[in-house]
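K.L.:
Input structure: structure10.cif, which contains mmCIF, C-alpha atoms and all ligand atoms.
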```cif
data_data
loop_
_atom_site.group_PDB
_atom_site.id
_atom_site.type_symbol
_atom_site.label_atom_id
_atom_site.label_comp_id
_atom_site.auth_asym_id
_atom_site.auth_seq_id
_atom_site.Cartn_x
_atom_site.Cartn_y
_atom_site.Cartn_z
ATOM 1 C CA MET A 1 15.839 14.384 15.368
ATOM 2 C CA THR A 2 16.570 11.159 17.221
ATOM 3 C CA THR A 3 13.184 10.529 18.782
ATOM 4 C CA GLY A 4 9.632 11.192 17.699
ATOM 5 C CA VAL A 5 7.890 10.708 14.371
ATOM 6 C CA ARG A 6 10.472 10.419 11.578
ATOM 7 C CA LEU A 7 8.294 9.157 8.721
ATOM 8 C CA VAL A 8 4.919 10.649 7.800
ATOM 9 C CA VAL A 9 2.895 8.552 5.339
ATOM 10 C CA PHE A 10 0.218 10.378 3.363
ATOM 11 C CA ASP A 11 -2.702 8.887 1.499
ATOM 12 C CA TRP A 12 -3.314 10.531 -1.887
ATOM 13 C CA ALA A 13 -6.952 11.215 -2.914
ATOM 14 C CA GLY A 14 -8.941 13.072 -0.249
ATOM 15 C CA THR A 15 -5.850 13.627 1.886
ATOM 16 C CA ALA A 16 -2.967 15.203 -0.088
ATOM 17 C CA VAL A 17 -4.721 15.865 -3.416
ATOM 18 C CA ASP A 18 -8.264 15.753 -4.842
ATOM 19 C CA PHE A 19 -10.307 17.725 -2.250
ATOM 20 C CA GLY A 20 -13.417 15.642 -1.550
ATOM 21 C CA CYS A 21 -11.936 12.523 -3.163
ATOM 22 C CA PHE A 22 -13.822 12.668 -6.472
ATOM 23 C CA GLY A 23 -11.270 10.934 -8.722
ATOM 24 C CA PRO A 24 -12.266 7.336 -8.006
ATOM 25 C CA VAL A 25 -16.019 8.017 -7.744
ATOM 26 C CA ASP A 26 -16.819 8.794 -11.383
ATOM 27 C CA ALA A 27 -14.561 6.003 -12.643
ATOM 28 C CA MET A 28 -16.201 3.419 -10.396
ATOM 29 C CA THR A 29 -19.708 4.580 -11.317
ATOM 30 C CA ARG A 30 -18.830 4.302 -15.008
ATOM 31 C CA ALA A 31 -17.267 0.865 -14.600
ATOM 32 C CA PHE A 32 -20.455 -0.527 -13.050
ATOM 33 C CA ALA A 33 -22.627 1.231 -15.636
ATOM 34 C CA ALA A 34 -20.659 -0.611 -18.353
ATOM 35 C CA SER A 35 -22.010 -3.836 -16.804
ATOM 36 C CA GLY A 36 -25.534 -2.415 -16.720
ATOM 37 C CA VAL A 37 -25.594 -1.821 -12.961
ATOM 38 C CA ALA A 38 -26.173 1.586 -11.379
ATOM 39 C CA VAL A 39 -24.246 2.445 -8.211
ATOM 40 C CA GLY A 40 -24.781 5.674 -6.276
ATOM 41 C CA VAL A 41 -22.130 8.077 -5.036
ATOM 42 C CA ALA A 42 -22.777 7.170 -1.380
ATOM 43 C CA GLU A 43 -22.420 3.476 -2.211
ATOM 44 C CA VAL A 44 -19.147 4.061 -4.074
ATOM 45 C CA ARG A 45 -17.763 6.079 -1.163
ATOM 46 C CA GLY A 46 -18.529 3.288 1.336
ATOM 47 C CA PRO A 47 -15.422 1.117 0.707
ATOM 48 C CA MET A 48 -13.226 4.094 -0.342
ATOM 49 C CA GLY A 49 -9.550 3.659 0.517
ATOM 50 C CA LEU A 50 -9.296 -0.035 -0.350
ATOM 51 C CA SER A 51 -7.271 -1.124 -3.367
ATOM 52 C CA LYS A 52 -9.585 -0.725 -6.306
ATOM 53 C CA LYS A 53 -10.207 -4.396 -7.064
ATOM 54 C CA ASP A 54 -11.164 -4.970 -3.422
ATOM 55 C CA HIS A 55 -13.335 -1.862 -3.732
ATOM 56 C CA VAL A 56 -15.222 -3.423 -6.675
ATOM 57 C CA ARG A 57 -15.765 -6.642 -4.710
ATOM 58 C CA GLU A 58 -16.982 -4.821 -1.576
ATOM 59 C CA LEU A 59 -19.494 -2.897 -3.688
ATOM 60 C CA LEU A 60 -20.818 -6.125 -5.218
ATOM 61 C CA ARG A 61 -21.184 -7.534 -1.699
ATOM 62 C CA MET A 62 -23.540 -4.718 -0.686
ATOM 63 C CA PRO A 63 -27.016 -6.316 -0.624
ATOM 64 C CA ALA A 64 -28.576 -3.558 -2.750
ATOM 65 C CA VAL A 65 -25.852 -3.861 -5.390
ATOM 66 C CA THR A 66 -26.013 -7.679 -5.266
ATOM 67 C CA ASN A 67 -29.751 -7.382 -5.997
ATOM 68 C CA ARG A 68 -29.245 -4.903 -8.839
ATOM 69 C CA TRP A 69 -26.625 -7.195 -10.381
ATOM 70 C CA ARG A 70 -29.069 -10.111 -10.170
ATOM 71 C CA GLY A 71 -31.767 -7.958 -11.770
ATOM 72 C CA ALA A 72 -29.495 -6.907 -14.636
ATOM 73 C CA HIS A 73 -27.870 -10.284 -15.295
ATOM 74 C CA GLY A 74 -30.390 -12.880 -14.083
ATOM 75 C CA ARG A 75 -27.755 -14.468 -11.830
ATOM 76 C CA ASP A 76 -25.519 -13.693 -8.854
ATOM 77 C CA TRP A 77 -22.174 -11.952 -9.424
ATOM 78 C CA THR A 78 -19.010 -14.045 -9.492
ATOM 79 C CA GLU A 79 -15.300 -13.387 -9.106
ATOM 80 C CA ALA A 80 -15.110 -13.243 -12.927
ATOM 81 C CA ASP A 81 -17.512 -10.275 -12.757
ATOM 82 C CA VAL A 82 -15.134 -8.538 -10.314
ATOM 83 C CA ASP A 83 -12.498 -8.867 -13.053
ATOM 84 C CA THR A 84 -14.898 -7.540 -15.712
ATOM 85 C CA VAL A 85 -15.903 -4.463 -13.709
ATOM 86 C CA TYR A 86 -12.304 -3.840 -12.682
ATOM 87 C CA ALA A 87 -11.198 -4.087 -16.337
ATOM 88 C CA ALA A 88 -13.625 -1.249 -17.127
ATOM 89 C CA PHE A 89 -12.513 0.704 -14.049
ATOM 90 C CA GLU A 90 -8.799 0.865 -14.923
ATOM 91 C CA PRO A 91 -9.028 2.929 -18.136
ATOM 92 C CA ALA A 92 -11.717 5.189 -16.633
ATOM 93 C CA GLN A 93 -9.502 5.812 -13.595
ATOM 94 C CA LEU A 94 -6.431 6.478 -15.748
ATOM 95 C CA LEU A 95 -8.360 9.070 -17.758
ATOM 96 C CA ALA A 96 -9.602 10.812 -14.606
ATOM 97 C CA ALA A 97 -6.389 10.604 -12.573
ATOM 98 C CA ALA A 98 -4.522 13.646 -13.923
ATOM 99 C CA ASP A 99 -7.575 15.842 -13.336
ATOM 100 C CA HIS A 100 -7.640 14.904 -9.642
ATOM 101 C CA ALA A 101 -4.062 15.628 -8.608
ATOM 102 C CA VAL A 102 -4.338 19.192 -7.300
ATOM 103 C CA PRO A 103 -2.743 19.467 -3.830
ATOM 104 C CA VAL A 104 -5.250 20.335 -1.129
ATOM 105 C CA PRO A 105 -4.851 23.780 0.483
ATOM 106 C CA GLY A 106 -2.039 23.741 3.018
ATOM 107 C CA LEU A 107 -0.362 20.536 1.805
ATOM 108 C CA LEU A 108 2.845 22.116 0.550
ATOM 109 C CA ASP A 109 3.240 24.262 3.680
ATOM 110 C CA ALA A 110 2.616 21.243 5.918
ATOM 111 C CA VAL A 111 5.159 19.109 4.023
ATOM 112 C CA ALA A 112 7.765 21.888 4.238
ATOM 113 C CA ALA A 113 7.179 22.171 7.996
ATOM 114 C CA LEU A 114 7.473 18.394 8.462
ATOM 115 C CA ARG A 115 10.693 18.255 6.484
ATOM 116 C CA SER A 116 12.223 21.122 8.434
ATOM 117 C CA ALA A 117 11.421 19.116 11.589
ATOM 118 C CA GLY A 118 13.481 16.237 10.152
ATOM 119 C CA ARG A 119 10.568 14.046 9.077
ATOM 120 C CA LYS A 120 10.547 12.067 5.816
ATOM 121 C CA ILE A 121 7.490 11.938 3.572
ATOM 122 C CA GLY A 122 6.012 8.697 2.180
ATOM 123 C CA THR A 123 2.763 7.757 0.448
ATOM 124 C CA THR A 124 0.416 4.810 0.143
ATOM 125 C CA THR A 125 -2.724 4.576 -1.971
ATOM 126 C CA GLY A 126 -5.602 2.469 -3.214
ATOM 127 C CA TYR A 127 -4.706 3.409 -6.813
ATOM 128 C CA PHE A 128 -3.092 0.800 -9.061
ATOM 129 C CA ARG A 129 0.437 1.603 -10.204
ATOM 130 C CA ALA A 130 -0.291 3.315 -13.541
ATOM 131 C CA ALA A 131 -2.943 5.614 -12.051
ATOM 132 C CA ALA A 132 -0.738 6.353 -9.040
ATOM 133 C CA GLU A 133 2.088 7.351 -11.387
ATOM 134 C CA VAL A 134 -0.167 9.717 -13.327
ATOM 135 C CA VAL A 135 -1.308 11.367 -10.084
ATOM 136 C CA ARG A 136 2.259 11.485 -8.765
ATOM 137 C CA GLU A 137 3.615 13.189 -11.888
ATOM 138 C CA ALA A 138 0.749 15.691 -12.006
ATOM 139 C CA ALA A 139 1.192 16.494 -8.297
ATOM 140 C CA ALA A 140 4.971 16.838 -8.741
ATOM 141 C CA ARG A 141 4.387 19.494 -11.391
ATOM 142 C CA ARG A 142 2.413 21.364 -8.720
ATOM 143 C CA GLY A 143 5.195 21.094 -6.159
ATOM 144 C CA TYR A 144 4.309 17.946 -4.160
ATOM 145 C CA ARG A 145 7.216 15.493 -4.303
ATOM 146 C CA PRO A 146 7.160 12.838 -1.561
ATOM 147 C CA ASP A 147 10.418 11.019 -0.724
ATOM 148 C CA PHE A 148 9.042 7.466 -0.960
ATOM 149 C CA ASN A 149 5.944 5.953 -2.568
ATOM 150 C CA ALA A 150 4.257 2.548 -2.336
ATOM 151 C CA VAL A 151 1.299 1.153 -4.288
ATOM 152 C CA PRO A 152 -0.776 -2.010 -3.717
ATOM 153 C CA ASP A 153 0.986 -3.654 -6.715
ATOM 154 C CA ASP A 154 4.269 -3.559 -4.717
ATOM 155 C CA VAL A 155 2.988 -5.807 -1.919
ATOM 156 C CA PRO A 156 0.889 -8.958 -1.329
ATOM 157 C CA ALA A 157 -2.220 -6.966 -0.299
ATOM 158 C CA GLY A 158 -3.354 -3.343 -0.065
ATOM 159 C CA ARG A 159 -5.175 -1.722 2.856
ATOM 160 C CA PRO A 160 -6.101 -2.592 5.509
ATOM 161 C CA ALA A 161 -2.912 -4.715 5.410
ATOM 162 C CA PRO A 162 0.159 -2.819 6.686
ATOM 163 C CA TRP A 163 2.559 -3.961 3.952
ATOM 164 C CA MET A 164 2.793 -0.675 2.041
ATOM 165 C CA ILE A 165 3.747 1.154 5.258
ATOM 166 C CA PHE A 166 6.354 -1.509 6.062
ATOM 167 C CA ARG A 167 7.773 -1.120 2.543
ATOM 168 C CA LEU A 168 8.112 2.644 3.118
ATOM 169 C CA MET A 169 9.749 2.125 6.520
ATOM 170 C CA GLU A 170 12.295 -0.130 4.846
ATOM 171 C CA SER A 171 12.950 2.408 2.056
ATOM 172 C CA ALA A 172 13.253 5.304 4.494
ATOM 173 C CA GLY A 173 15.243 3.332 7.053
ATOM 174 C CA VAL A 174 12.778 4.232 9.804
ATOM 175 C CA TYR A 175 11.720 1.984 12.684
ATOM 176 C CA PRO A 176 10.039 1.118 14.995
ATOM 177 C CA PRO A 177 6.432 1.676 13.778
ATOM 178 C CA ALA A 178 5.919 4.086 16.698
ATOM 179 C CA ALA A 179 8.186 6.480 14.733
ATOM 180 C CA VAL A 180 5.670 6.473 11.863
ATOM 181 C CA ALA A 181 2.445 8.463 11.460
ATOM 182 C CA LYS A 182 -0.087 7.684 8.733
ATOM 183 C CA VAL A 183 -2.392 10.475 7.554
ATOM 184 C CA GLY A 184 -5.545 9.514 5.664
ATOM 185 C CA ASP A 185 -9.220 10.271 5.085
ATOM 186 C CA THR A 186 -10.884 6.836 5.174
ATOM 187 C CA VAL A 187 -11.549 3.876 7.450
ATOM 188 C CA PRO A 188 -9.065 1.614 5.556
ATOM 189 C CA ASP A 189 -6.404 4.336 6.012
ATOM 190 C CA MET A 190 -6.832 4.208 9.793
ATOM 191 C CA GLN A 191 -6.888 0.385 9.803
ATOM 192 C CA GLU A 192 -3.694 0.304 7.711
ATOM 193 C CA ALA A 193 -1.975 2.575 10.255
ATOM 194 C CA ARG A 194 -3.141 0.557 13.265
ATOM 195 C CA ASN A 195 -2.226 -2.754 11.630
ATOM 196 C CA ALA A 196 1.269 -1.356 11.067
ATOM 197 C CA GLY A 197 1.519 -0.293 14.720
ATOM 198 C CA ALA A 198 1.818 3.341 13.619
ATOM 199 C CA TRP A 199 0.043 6.531 14.689
ATOM 200 C CA ALA A 200 -3.245 7.011 12.825
ATOM 201 C CA VAL A 201 -4.134 10.613 11.944
ATOM 202 C CA GLY A 202 -7.507 11.211 10.261
ATOM 203 C CA VAL A 203 -8.087 14.286 8.090
ATOM 204 C CA LEU A 204 -11.705 15.363 7.734
ATOM 205 C CA ALA A 205 -12.491 18.420 5.576
ATOM 206 C CA THR A 206 -10.975 17.103 2.343
ATOM 207 C CA GLY A 207 -12.016 13.486 2.819
ATOM 208 C CA SER A 208 -14.322 11.065 1.110
ATOM 209 C CA THR A 209 -16.734 10.853 4.050
ATOM 210 C CA ILE A 210 -17.653 14.529 3.740
ATOM 211 C CA GLY A 211 -17.184 14.276 -0.031
ATOM 212 C CA LEU A 212 -17.546 17.950 -0.972
ATOM 213 C CA THR A 213 -15.511 20.211 -3.251
ATOM 214 C CA ALA A 214 -13.485 22.988 -1.613
ATOM 215 C CA ASP A 215 -16.113 25.533 -2.684
ATOM 216 C CA GLU A 216 -19.016 23.444 -1.389
ATOM 217 C CA TYR A 217 -17.193 22.900 1.891
ATOM 218 C CA ALA A 218 -16.444 26.611 2.297
ATOM 219 C CA ARG A 219 -20.117 27.472 1.687
ATOM 220 C CA LEU A 220 -21.477 25.116 4.357
ATOM 221 C CA HIS A 221 -23.425 26.734 7.156
ATOM 222 C CA GLU A 222 -21.362 26.536 10.326
ATOM 223 C CA ARG A 223 -23.774 24.167 12.056
ATOM 224 C CA ASP A 224 -23.954 21.867 9.021
ATOM 225 C CA ARG A 225 -20.157 21.847 8.778
ATOM 226 C CA GLY A 226 -19.912 20.942 12.462
ATOM 227 C CA ARG A 227 -22.391 18.103 12.027
ATOM 228 C CA ARG A 228 -20.532 16.676 9.012
ATOM 229 C CA LEU A 229 -17.160 17.003 10.733
ATOM 230 C CA ALA A 230 -18.499 15.184 13.791
ATOM 231 C CA ALA A 231 -19.824 12.303 11.673
ATOM 232 C CA ALA A 232 -16.546 11.938 9.758
ATOM 233 C CA ARG A 233 -14.555 12.178 13.012
ATOM 234 C CA ALA A 234 -16.682 9.469 14.647
ATOM 235 C CA ALA A 235 -16.166 7.117 11.682
ATOM 236 C CA LEU A 236 -12.380 7.527 11.690
ATOM 237 C CA GLU A 237 -12.120 7.293 15.482
ATOM 238 C CA ALA A 238 -14.148 4.078 15.431
ATOM 239 C CA ALA A 239 -11.607 2.753 12.885
ATOM 240 C CA GLY A 240 -8.733 3.539 15.256
ATOM 241 C CA ALA A 241 -7.678 7.151 14.609
ATOM 242 C CA HIS A 242 -5.466 8.391 17.461
ATOM 243 C CA VAL A 243 -6.221 11.964 16.467
ATOM 244 C CA THR A 244 -8.271 13.748 13.812
ATOM 245 C CA ILE A 245 -7.687 17.134 12.207
ATOM 246 C CA GLU A 246 -9.964 19.308 10.112
ATOM 247 C CA THR A 247 -7.176 20.272 7.696
ATOM 248 C CA LEU A 248 -3.466 19.602 7.141
ATOM 249 C CA ALA A 249 -2.670 23.025 8.632
ATOM 250 C CA GLU A 250 -3.020 21.299 12.026
ATOM 251 C CA LEU A 251 -0.651 18.457 11.147
ATOM 252 C CA PRO A 252 2.721 19.942 12.228
ATOM 253 C CA GLY A 253 1.286 20.748 15.655
ATOM 254 C CA VAL A 254 -0.372 17.339 15.991
ATOM 255 C CA LEU A 255 2.916 15.593 15.194
ATOM 256 C CA ALA A 256 4.774 17.737 17.733
ATOM 257 C CA ALA A 257 2.188 16.610 20.297
ATOM 258 C CA ILE A 258 2.784 12.969 19.279
ATOM 259 C CA ASP A 259 6.539 13.545 19.707
ATOM 260 C CA ALA A 260 5.786 14.669 23.250
ATOM 261 C CA ARG A 261 3.637 11.588 23.884
ATOM 262 C CA LEU A 262 6.473 9.366 22.644
ATOM 263 C CA ALA A 263 8.933 11.184 24.884
ATOM 264 C CA ARG A 264 6.639 10.397 27.823
ATOM 265 C CA GLY A 265 6.790 6.716 26.897
ATOM 266 C CA GLU A 266 3.399 6.485 25.182
ATOM 267 C CA ARG A 267 3.103 4.209 22.136
ATOM 268 C CA PRO A 268 0.477 4.049 19.391
HETATM 269 MG MG MG B 1 -8.094 8.825 0.337
#
```
Go through the file and emit its structure as structure tokens.
Ligand SMILES: [Mg+2]
P.N.:
Amino acid sequence: MTTGVRLVVFDWAGTAVDFGCFGPVDAMTRAFAASGVAVGVAEVRGPMGLSKKDHVRELLRMPAVTNRWRGAHGRDWTEADVDTVYAAFEPAQLLAAADHAVPVPGLLDAVAALRSAGRKIGTTTGYFRAAAEVVREAAARRGYRPDFNAVPDDVPAGRPAPWMIFRLMESAGVYPPAAVAKVGDTVPDMQEARNAGAWAVGVLATGSTIGLTADEYARLHERDRGRRLAAARAALEAAGAHVTIETLAELPGVLAAIDARLARGERP
């Protein structure tokens, strides 16, 4: 293939593995509990997709969490507290990582289809390097082996900065950014894609916004599912998604349509 999308960059949790994106939620909840502060699942999911230290800081910035911290500690949180909570997060995340590396339904078929269309596969993540490696090895044992991987530790800043995508483009030898599509489930994923000048593809059913297991998702009443999909779609479109898909089964077709848009002279 000489034109079209030649590098497809997948997020990990909530996109390629970990249906519903549960891996980081428990670890973050536990890390805050270790500092005597309760955070709810919806709060934890708010900044999902950022590198995890930024995620801790964004949670502390939420007025309700700021107040709870003040109540528990008798003072406002500081940057040193970000370090303390993050220090508790790392081991909790490492423990949980291997249990949240199951490929989502349709991933392996989608990757095979992309490769047979001449596209390379890369990944970016909010996970720190050690957790990303645990997830990567566990996913590889289940058949998911991307060509190139980048983690926030490799670059000056994680999402929404575009540096991880640029690192992958360099590794894969793919440019310009219009030849790259980023697939992710969160607002920072879409911002990362747009900041790189790449196509932003949002995936909904498996993502953190809907936040359900595969079984829970399958059991949703059709109208409830439609309502949740619409809310997740609106959030990702507001963050810059060029296109959204319910599941990865739609991805090969969506990328073929982007190829056609490129051939007509359209750019992301
Ligand atoms: Mg994700």
K.L.:
Here's the selection I'm unsure about, the PyMOL selection byres (((chain A and resi 9-14) around 6) and not hetatm); applied to the file above, which residues does it give, as a PDB file with C-alpha atoms, in the frame of the given file?
P.N.:
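Saved as part12.pdb:
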```pdb
ATOM      1  CA  VAL A   8       4.919  10.649   7.800  1.00  0.00           C
ATOM      2  CA  THR A  15      -5.850  13.627   1.886  1.00  0.00           C
ATOM      3  CA  ALA A  16      -2.967  15.203  -0.088  1.00  0.00           C
ATOM      4  CA  VAL A  17      -4.721  15.865  -3.416  1.00  0.00           C
ATOM      5  CA  ASP A  18      -8.264  15.753  -4.842  1.00  0.00           C
ATOM      6  CA  PHE A  19     -10.307  17.725  -2.250  1.00  0.00           C
ATOM      7  CA  GLY A  20     -13.417  15.642  -1.550  1.00  0.00           C
ATOM      8  CA  CYS A  21     -11.936  12.523  -3.163  1.00  0.00           C
ATOM      9  CA  ILE A 121       7.490  11.938   3.572  1.00  0.00           C
ATOM     10  CA  GLY A 122       6.012   8.697   2.180  1.00  0.00           C
ATOM     11  CA  THR A 123       2.763   7.757   0.448  1.00  0.00           C
ATOM     12  CA  THR A 124       0.416   4.810   0.143  1.00  0.00           C
ATOM     13  CA  THR A 125      -2.724   4.576  -1.971  1.00  0.00           C
ATOM     14  CA  LYS A 182      -0.087   7.684   8.733  1.00  0.00           C
ATOM     15  CA  VAL A 183      -2.392  10.475   7.554  1.00  0.00           C
ATOM     16  CA  GLY A 184      -5.545   9.514   5.664  1.00  0.00           C
ATOM     17  CA  THR A 206     -10.975  17.103   2.343  1.00  0.00           C
ATOM     18  CA  GLY A 207     -12.016  13.486   2.819  1.00  0.00           C
ATOM     19  CA  SER A 208     -14.322  11.065   1.110  1.00  0.00           C
TER      20      SER A 208
END
```
K.L.:
So, with only C-alpha atoms and all ligand atoms as the atoms that count, which of A:Ala140, A:Ala238, A:Ala256, A:Val25 lies closest to ligand MG 1 (chain B)?
P.N.:
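Smallest separation from ligand MG 1 (chain B) among the options: A:Val25.
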K.L.:
Given the file shown, enumerate the residues that the PyMOL selection byres (((chain A and resi 154) around 9) and not hetatm) captures and present them as a PyMOL selection string.
P.N.:
chain A and resi 129+150-153+155-158+163-164+167
K.L.:
Could you tell me which of A:Gln93, A:Ser171, A:Thr78, A:Ser51 comes closest to Thr29 in chain A if we count all atoms listed in the file?
P.N.:
A:Gln93
K.L.:
Select, from A:Arg223, A:Ala263, A:Leu7, A:Phe22, the residue with the minimum atom-to-atom distance to Glu170 in chain A, counting only C-alpha atoms.
P.N.:
A:Leu7
K.L.:
Do you know which residues the PyMOL selection byres (((chain A and resi 176) around 12) and not hetatm) returns on this file, as a PyMOL selection string?
P.N.:
chain A and resi 3-7+165-166+169-170+172-175+177-181+196-199+262+267-268
K.L.:
For His55 in chain A, which residue among A:Ala33, A:Ala110, A:Val82, A:Ala193 is the nearest when counting all atoms listed in the file?
P.N.:
A:Val82
K.L.:
Find the residues near range 250-255 of chain A: any atom within 8 Å, counting all atoms listed in the file, skip ones fewer than 4 places away on the same chain, and give them as a PDB file with C-alpha atoms, keeping the file's coordinate frame.
P.N.:
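Writing done, so here's around35.pdb:
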```pdb
ATOM      1  CA  VAL A   5       7.890  10.708  14.371  1.00  0.00           C
ATOM      2  CA  ALA A 110       2.616  21.243   5.918  1.00  0.00           C
ATOM      3  CA  ALA A 113       7.179  22.171   7.996  1.00  0.00           C
ATOM      4  CA  LEU A 114       7.473  18.394   8.462  1.00  0.00           C
ATOM      5  CA  VAL A 243      -6.221  11.964  16.467  1.00  0.00           C
ATOM      6  CA  ILE A 245      -7.687  17.134  12.207  1.00  0.00           C
ATOM      7  CA  GLU A 246      -9.964  19.308  10.112  1.00  0.00           C
ATOM      8  CA  ASP A 259       6.539  13.545  19.707  1.00  0.00           C
TER       9      ASP A 259
END
```
K.L.:
From the list A:Phe89, A:Tyr217, A:Trp77, A:Phe32, which residue is nearest Leu204 in chain A when using only C-alpha atoms?
P.N.:
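Ranked by minimum distance to Leu204 in chain A, first place goes to A:Tyr217.
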K.L.:
Give me range 26-33 of chain A with all heavy atoms filled in, as a CSV table (one decimal), in the frame of the given file.
P.N.:
```csv
chain,number,residue,atom,x,y,z
A,26,ASP,N,-16.3,8.8,-10.0
A,26,ASP,CA,-16.8,8.8,-11.4
A,26,ASP,C,-16.4,7.5,-12.1
A,26,ASP,O,-17.2,6.9,-12.8
A,26,ASP,CB,-16.3,10.0,-12.2
A,26,ASP,CG,-17.0,11.3,-11.7
A,26,ASP,OD1,-17.9,11.2,-10.9
A,26,ASP,OD2,-16.6,12.4,-12.2
A,27,ALA,N,-15.1,7.2,-11.9
A,27,ALA,CA,-14.6,6.0,-12.6
A,27,ALA,C,-15.3,4.7,-12.2
A,27,ALA,O,-15.6,3.9,-13.0
A,27,ALA,CB,-13.1,5.9,-12.4
A,28,MET,N,-15.5,4.6,-10.9
A,28,MET,CA,-16.2,3.4,-10.4
A,28,MET,C,-17.6,3.4,-10.9
A,28,MET,O,-18.2,2.3,-11.3
A,28,MET,CB,-16.1,3.4,-8.9
A,28,MET,CG,-16.5,2.1,-8.2
A,28,MET,SD,-15.4,0.7,-8.7
A,28,MET,CE,-13.9,1.0,-7.7
A,29,THR,N,-18.3,4.5,-10.8
A,29,THR,CA,-19.7,4.6,-11.3
A,29,THR,C,-19.8,4.1,-12.8
A,29,THR,O,-20.7,3.4,-13.2
A,29,THR,CB,-20.2,6.0,-11.2
A,29,THR,OG1,-20.1,6.4,-9.8
A,29,THR,CG2,-21.7,6.1,-11.5
A,30,ARG,N,-18.8,4.6,-13.6
A,30,ARG,CA,-18.8,4.3,-15.0
A,30,ARG,C,-18.5,2.8,-15.2
A,30,ARG,O,-19.1,2.2,-16.1
A,30,ARG,CB,-17.8,5.2,-15.7
A,30,ARG,CG,-18.4,6.3,-16.5
A,30,ARG,CD,-17.4,7.1,-17.2
A,30,ARG,NE,-17.4,8.5,-16.6
A,30,ARG,CZ,-16.4,9.3,-16.7
A,30,ARG,NH1,-15.4,9.0,-17.5
A,30,ARG,NH2,-16.5,10.5,-16.2
A,31,ALA,N,-17.6,2.3,-14.4
A,31,ALA,CA,-17.3,0.9,-14.6
A,31,ALA,C,-18.5,0.0,-14.3
A,31,ALA,O,-18.7,-1.0,-15.1
A,31,ALA,CB,-16.1,0.5,-13.7
A,32,PHE,N,-19.3,0.3,-13.3
A,32,PHE,CA,-20.5,-0.5,-13.0
A,32,PHE,C,-21.5,-0.3,-14.1
A,32,PHE,O,-22.2,-1.2,-14.5
A,32,PHE,CB,-21.0,-0.2,-11.7
A,32,PHE,CG,-20.4,-1.1,-10.6
A,32,PHE,CD1,-19.2,-0.7,-10.0
A,32,PHE,CD2,-21.0,-2.2,-10.2
A,32,PHE,CE1,-18.6,-1.5,-9.0
A,32,PHE,CE2,-20.4,-3.0,-9.2
A,32,PHE,CZ,-19.2,-2.7,-8.6
A,33,ALA,N,-21.6,0.9,-14.6
A,33,ALA,CA,-22.6,1.2,-15.6
A,33,ALA,C,-22.3,0.4,-16.9
A,33,ALA,O,-23.2,0.0,-17.6
A,33,ALA,CB,-22.6,2.7,-16.0
```
